[in-house]
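Here is the structure we will look at, set down as structure tokens.
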Amino acid sequence: MQSRLLLLGAPGGHGGPASRRMRLLLRQVVQRRPGGDRQRPEVRLLHAGSGADTGDTVNIGDVSYKLKIPKNPELVPQNYISDSLAQSVVQHLRWIMQKDLLGQDVFLIGPPGPLRRSIAMQYLELTKREVEYIALSRDTTETDLKQRREIRAGTAFYIDQCAVRAATEGRTLILEGLEKAERNVLPVLNNLLENREMQLEDGRFLMSAERYDKLLRDHTKKELDSWKIVRVSENFRVIALGLPVPRYSGNPLDPPLRSRFQARDIYYLPFKDQLKLLYSIGANVSAEKVSQLLSFATTLCSQESSTLGLPDFPLDSLAAAVQILDSFPMMPIKHAIQWLYPYSILLGHEGKMAVEGVLKRFELQDSGSSLLPKEIVKVEKMMENHVSQASVTIRIADKEVTIKVPAGTRLLSQPCASDRFIQTLSHKQLQAEMMQSHMVKDICLIGGKGCGKTVIAKNFADTLGYNIEPIMLYQDMTARDLLQQRYTLPNGDTAWRSSPLVNAALEGKLVLLDGIHRVNAGTLAVLQRLIHDRELSLYDGSRLLREDRYMRLKEELQLSDEQLQKRSIFPIHPSFRIIALAEPPVIGSTAHQWLGPEFLTMFFFHYMKPLVKSEEIQVIKEKVPNVPQEALDKLLSFTHKLRETQDPTAQSLAASLSTRQLLRISRRLSQYPNENLHSAVTKACLSRFLPSLARSALEKNLADATIEINTDDNLEPELKDYKCEVTSGTLRIGAVSAPIYNAHEKMKVPDVLFYDNIQHVIVMEDMLKDFLLGEHLLLVGNQGVGKNKIVDRFLHLLNRPREYIQLHRDTTVQTLTLQPSVKDGLIVYEDSPLVKAVKLGHILVVDEADKAPTNVTCILKTLVENGEMILADGRRIVANSANVNGRENVVVIHPDFRMIVLANRPGFPFLGNDFFGTLGDIFSCHAVDNPKPHSELEMLRQYGPNVPEPILQKLVAAFGELRSLADQGIINYPYSTREVVNIVKHLQKFPTEGLSSVVRNVFDFDSYNNDMREILINTLHKYGIPIGAKPTSVQLAKELTLPEQTFMGYWTIGQARSGMQKLLCPVETHHIDIKGPALINIQEYPIERHEERSLNFTEECASWRIPLDEINIICDIATSHENEQNTLYVVTCNPASLYFMNMTGKSGFFVDFFDIFPRTANGVWHPFVTVAPLGSPLKGQVVLHEQQKFFLK
């Protein structure tokens, strides 16, 4: 049965303005459908005649509703009924009217989009009913529905909220998004829905009209008032709007709540109705194209598509897309589909193939690049009806098309006239496409980290003369943070402060919602009505209306702007627009798949691809003119190779080398041309803390790109070259100099005990380079490596005052920016160290940054990158004093403000969040490692001047090996310099205590982990640290007495004629044949010294394991002592070989004499060889003697 709208009126009747308006609203519908089938039910508006107190009657077929004159006509929805109502919509309206007459509450269920809300509002407009609207979210509580406590003139009392107001005033309550509300919040309405009863917090009791009227027969109204009984109007109704769960995400309906509603499936408009609507919008678009587009969209909303895991196509956005195609009929439809349904970044391979298959089926694969918009040619400002608009000319397919779009309130700048914005071909095309979308809808710009989304959005705003309102979003953001926040007035009264988003809507600004992918979908739902309908209901009862609806209301009620504002009704500026910035969804991840069916209905989506190599070179060269060409070419080749590879490990590395990071590296290379490119890349990727697989992939790609490490970097620099010196107001660290700061607050300049060592001085020199370039710094490292000490020493040398803030698990955005306290009964917000540093130009040190949730610390992005931030008390931090423009509550960033962030490296065993992964590319990163052995030993000597040198060397060697084991993943805990320093301090203070007992201060943590304990004991014993040794552990050989001396015989010495003494011993002489020289090959191998006196005291001091073969026979051992170095020589036979090593070193050497010494053919005889080291002047040389054939080597 089809429905038809028909308007009938009593001629000459005395109707009110509302009935006249209703007739006007419906007249066009009647004109479009004259006559008609008598079997259709009709919608009639019947005038009641003169003198009637009520009003007209609306008939929908056989269902009629008698209109009542509203008490508050400003609460009646305006301008929702369109010129032509679809038949399916009229059927829905008829059903709602039936339920209304039965006194039943209804639940409109259906797919995401504005259609359900629109039908509810159309019905209320048709029946002239006042509305109370609330968008439910995960933050909605009982107080948002029933009563909220407020303080006025020092007294607390309750103010009725939407549900109570609607019940007592006879309004219709619209609850949108029931699936978003937390469980057990909505059951508070159960009794109100079923019996029209509710107990209120202020002691009043809501009672159904029927029962109240019965009581009124026996009691006076005064008595009922004294009993605090309030009558619920018989006109009170509830219309709930929700999504079907489980098909869509959300909480399922509570069965008791569900049973109290009558449900109606509000599916998308039927194909025929939808097609008719699109034909009326896109007169310039061929009917075949529109039909193909709608067929494609309907296919993706089918049950078969949902079983494939494809999100619903946003059918409600088709009208906006056809409006663009109407102005640009030459544009391929596939391109417009990508804006509505960005399947290439939303879906995996199978999903893309499915969508491509549907496109092919409907012949929509017509993506000719020549037909895409190329650039914005011209922008001219114009005023229409006091509304700022811009006439924009876009070049597309060798034609120039001019369109009208909303414009801001400032003067326009020419496209890409900003001196900081570098124009590339892809940027031009993206901005032209954004301009097309801007004509009809809000925009969501999707792109990877650091690709320039914010810069593009800002330039777009400048082009159209918009003032920007940047809002950084974070995960635990609430609906109140988005819309309105509570605060206290100076007299202690509570009040509501509108958020920057609401103020921007009133003032016609362009809002940048940065990081919309982080926000919980349930929180973002409160913005749906603002984005779809440009309407908003706030917590303080204010209502924001779309401009045309506001003007209609103003005209109908004959009220001025001031009168409407007294009734808390405000117009949303027609220029108001939203650009959301987001990172691409992670395909296959449920946690990071933020781009769902509900979100798709809210925006047009534009994907900002990474720049191609030629464009990136253009951007870098124009931003950093002096960058060395060779280094830039290598860097770009390396980066684009990583980006284009299919290897996920390499792609994760490419994410660290965003355009923002490449610009930072280029600035540094231009300022310091001798800088090593290899170290710059490894620093940007933080390769020191990458997993071994990723690190080897990075090194391989660097080697392929001929980006090599400097050979000098591996050598310990000379100490004299790396010193911190302060001379005549200038600080010099290594080769970099900077002026000393003239600090006003000297007590905030840190002063810390710091012993200079080469490695830390190199880190500080590196920090100073970036500091002078204006960068904010991020220091990442294991625990106890000296991050805090380095920063404090760095600031002490520069004489810079410090503000310190330490983050933790419970840090929130509010505590990061303000510290609330109560003074004289008032909540007063005191500036946090962050705000103080911003105001005064101090250095903000953010410690333990990885311990706070990344969704909290990400608000630092706007401060670091844009120099803007909104504080919890409504104040705004801005970078440029020129942006103040007389505005209140503005804090200008001091030019000397800088931020240094400290964080532990990501990954186990550190229990923090991946701060580097989230925000690493907006800081200049420095990896801080434990000092190298030479530097660590030098530092320990200063902490323990009286500790014996051998003990220090043992500690450095043992801890160095433990750190190496931690890097290999054999042990979990990375032992740091802090632990060694504490051991040395103890030995310095209490020298009589044994090393074995002092080291237990560190290692007793692991005493209950048997595997770990075994590794520790073996490592410490290897270096002679006697952990676990006991006094009884002494093992010496048995003492054997030598026999008494006995006389054995003597030699006689004869006298010669010359008188010289000679031994009477026979002597033989032989001639020696010398051959050679022979070339020998010396091979190096690693050795480990094992101290044998670590657990037991034995006569064996130390041992080494040399790589002998099974058939080798050791023939002789010799030692030499030269320049305080002991060298050990070991000679073997079968075959003849020589092993030698420095007893304090970590390397041994092997010489094979297999081809030099003679041997028998059958291999039975093995030459026996001895060795003798030679003295001066042949030090370091040895003689080998083969004893049977008398060969000397």
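Residues in the structure tokens are named by chain (A, B, ... in the order shown) and by number from 1 within that chain; ligands are numbered from 1 in the order shown.
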DSSP-assigned alpha helix (DSSP H) among range 112-265 of chain A, expressed as a PyMOL selection string: chain A and resi 115-126+142-145+162-169+190-194+209-218+221-226+255-258
Who sits within 7 Å of range 905-909 of chain A, only C-alpha atoms, same chain under 2 positions skipped, as a list in words: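 Result of the neighbour search: Phe689, Val780, Gly781, Asn782, Ala903, Leu911, Asn913, Asp914, Asn972 and Tyr973 of chain A.
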Picked from range 921-1058 of chain A by DSSP as strand (DSSP E or B), as a list in words: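 Strand (DSSP E or B) assignments inside range 921-1058 of chain A correspond to Ser924, Cys925, His926, Ala927, Val928, Val1034, Ile1053, Gly1054 and Gln1055 of chain A.
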Spatial neighbours of Thr811 in chain A, 12 Å, only C-alpha atoms, chain gap at least 3 places, as a VMD selection string: chain A and resid 476 805 to 808 814 to 819 848 to 857
Deliver the residues from the most recent selection as a file, using N, CA, C and O atoms, as a compact mmCIF listing (two decimals), in the first residue's frame.
```txt
# COMPACT_ATOMS: atom_id res chain seq x y z
N ASP A 476 41.33 8.95 25.30
CA ASP A 476 40.39 8.99 26.43
C ASP A 476 39.62 10.31 26.46
O ASP A 476 39.11 10.72 27.51
N ILE A 805 58.72 17.78 34.72
CA ILE A 805 57.45 17.10 34.91
C ILE A 805 57.69 15.61 34.66
O ILE A 805 58.36 15.24 33.70
N GLN A 806 57.18 14.79 35.58
CA GLN A 806 57.37 13.34 35.45
C GLN A 806 56.01 12.71 35.18
O GLN A 806 55.04 12.96 35.90
N LEU A 807 55.94 11.90 34.14
CA LEU A 807 54.67 11.29 33.74
C LEU A 807 54.54 9.90 34.34
O LEU A 807 55.52 9.28 34.75
N HIS A 808 53.32 9.43 34.37
CA HIS A 808 53.06 8.09 34.93
C HIS A 808 51.78 7.55 34.30
O HIS A 808 51.16 8.21 33.46
N GLN A 814 44.53 16.75 31.27
CA GLN A 814 44.29 17.87 32.19
C GLN A 814 45.46 18.07 33.15
O GLN A 814 45.94 19.19 33.35
N THR A 815 45.97 16.97 33.75
CA THR A 815 47.07 17.12 34.71
C THR A 815 48.36 17.53 34.00
O THR A 815 49.25 18.11 34.62
N LEU A 816 48.46 17.21 32.73
CA LEU A 816 49.66 17.60 31.98
C LEU A 816 49.71 19.11 31.78
O LEU A 816 50.79 19.70 31.70
N THR A 817 48.54 19.74 31.71
CA THR A 817 48.51 21.17 31.40
C THR A 817 48.17 22.03 32.61
O THR A 817 48.62 23.16 32.70
N LEU A 818 47.35 21.51 33.53
CA LEU A 818 46.93 22.31 34.68
C LEU A 818 46.89 21.46 35.93
O LEU A 818 46.68 20.25 35.86
N GLN A 819 47.06 22.12 37.07
CA GLN A 819 46.98 21.41 38.35
C GLN A 819 45.86 22.05 39.17
O GLN A 819 46.01 23.17 39.67
N GLU A 848 60.21 10.19 31.99
CA GLU A 848 59.38 8.97 31.93
C GLU A 848 58.20 9.15 30.96
O GLU A 848 57.07 8.79 31.26
N ALA A 849 58.48 9.72 29.79
CA ALA A 849 57.40 10.00 28.84
C ALA A 849 56.73 8.73 28.36
O ALA A 849 55.57 8.75 27.95
N ASP A 850 57.45 7.60 28.40
CA ASP A 850 56.85 6.36 27.91
C ASP A 850 55.89 5.74 28.92
O ASP A 850 55.17 4.80 28.58
N LYS A 851 55.86 6.26 30.14
CA LYS A 851 54.97 5.66 31.15
C LYS A 851 53.54 6.16 31.01
O LYS A 851 52.59 5.50 31.43
N ALA A 852 53.36 7.36 30.46
CA ALA A 852 52.00 7.88 30.27
C ALA A 852 51.40 7.26 29.01
O ALA A 852 52.13 6.90 28.09
N PRO A 853 50.07 7.12 28.97
CA PRO A 853 49.44 6.59 27.75
C PRO A 853 49.79 7.48 26.56
O PRO A 853 49.82 8.70 26.66
N THR A 854 50.06 6.85 25.42
CA THR A 854 50.45 7.64 24.23
C THR A 854 49.32 8.55 23.77
O THR A 854 49.56 9.58 23.16
N ASN A 855 48.06 8.18 24.10
CA ASN A 855 46.96 9.06 23.70
C ASN A 855 46.95 10.34 24.52
O ASN A 855 46.28 11.30 24.15
N VAL A 856 47.70 10.37 25.64
CA VAL A 856 47.82 11.60 26.43
C VAL A 856 49.00 12.43 25.91
O VAL A 856 48.87 13.63 25.64
N THR A 857 50.13 11.76 25.73
CA THR A 857 51.32 12.50 25.32
C THR A 857 51.20 13.02 23.89
O THR A 857 51.92 13.95 23.51
```
Atomic separation - CA of Phe603 in chain A relative to CA of Leu445 in chain A, Å: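 Rounded to one decimal, the two atoms are 9.4 Å apart.
Comparing the minimum interatomic distances between Val290 in chain A and each of A:Leu779, A:Val185, A:Leu364, A:Ala390, counting only C-alpha atoms, we find that A:Leu364 sits nearest.
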12 Å contact set for Val455 in chain A, only C-alpha atoms, chain neighbours under 5 positions out, as a PyMOL selection string: chain A and resi 416+418-423+427+431+445+450+460-462+468+470+512+514+581+608+659-660+865-866
Would you output that residue set with C-alpha atoms, as a short mmCIF file (atom, residue, chain, number, x, y, z; two decimals), in the first residue's frame?
```
data_model
loop_
_atom_site.label_atom_id
_atom_site.label_comp_id
_atom_site.auth_asym_id
_atom_site.auth_seq_id
_atom_site.Cartn_x
_atom_site.Cartn_y
_atom_site.Cartn_z
CA CYS A 416 49.63 28.33 -2.44
CA SER A 418 52.11 30.90 1.66
CA ASP A 419 55.86 31.32 1.83
CA ARG A 420 56.22 28.22 3.97
CA PHE A 421 54.20 25.99 1.65
CA ILE A 422 56.03 24.29 -1.22
CA GLN A 423 53.71 23.51 -4.08
CA HIS A 427 49.65 18.91 -3.66
CA GLN A 431 43.92 20.78 -2.93
CA LEU A 445 42.44 13.83 5.17
CA GLY A 450 54.80 13.39 8.95
CA PHE A 460 43.76 25.19 2.18
CA ALA A 461 42.37 27.40 4.97
CA ASP A 462 44.58 30.33 3.92
CA ILE A 468 41.89 27.75 11.88
CA PRO A 470 43.29 23.12 15.65
CA LEU A 512 41.21 20.76 12.28
CA ASP A 514 43.90 16.19 14.41
CA LEU A 581 43.27 14.47 9.99
CA MET A 608 47.43 11.96 0.94
CA THR A 659 58.98 13.90 4.99
CA ARG A 660 59.11 15.75 8.32
CA GLU A 865 54.71 21.20 15.61
CA ASN A 866 52.16 24.01 15.39
#
```
Distance criterion (only C-alpha atoms): nearest to Ile893 in chain A out of A:Lys381, A:Arg567, A:His842, A:His1185: A:His842
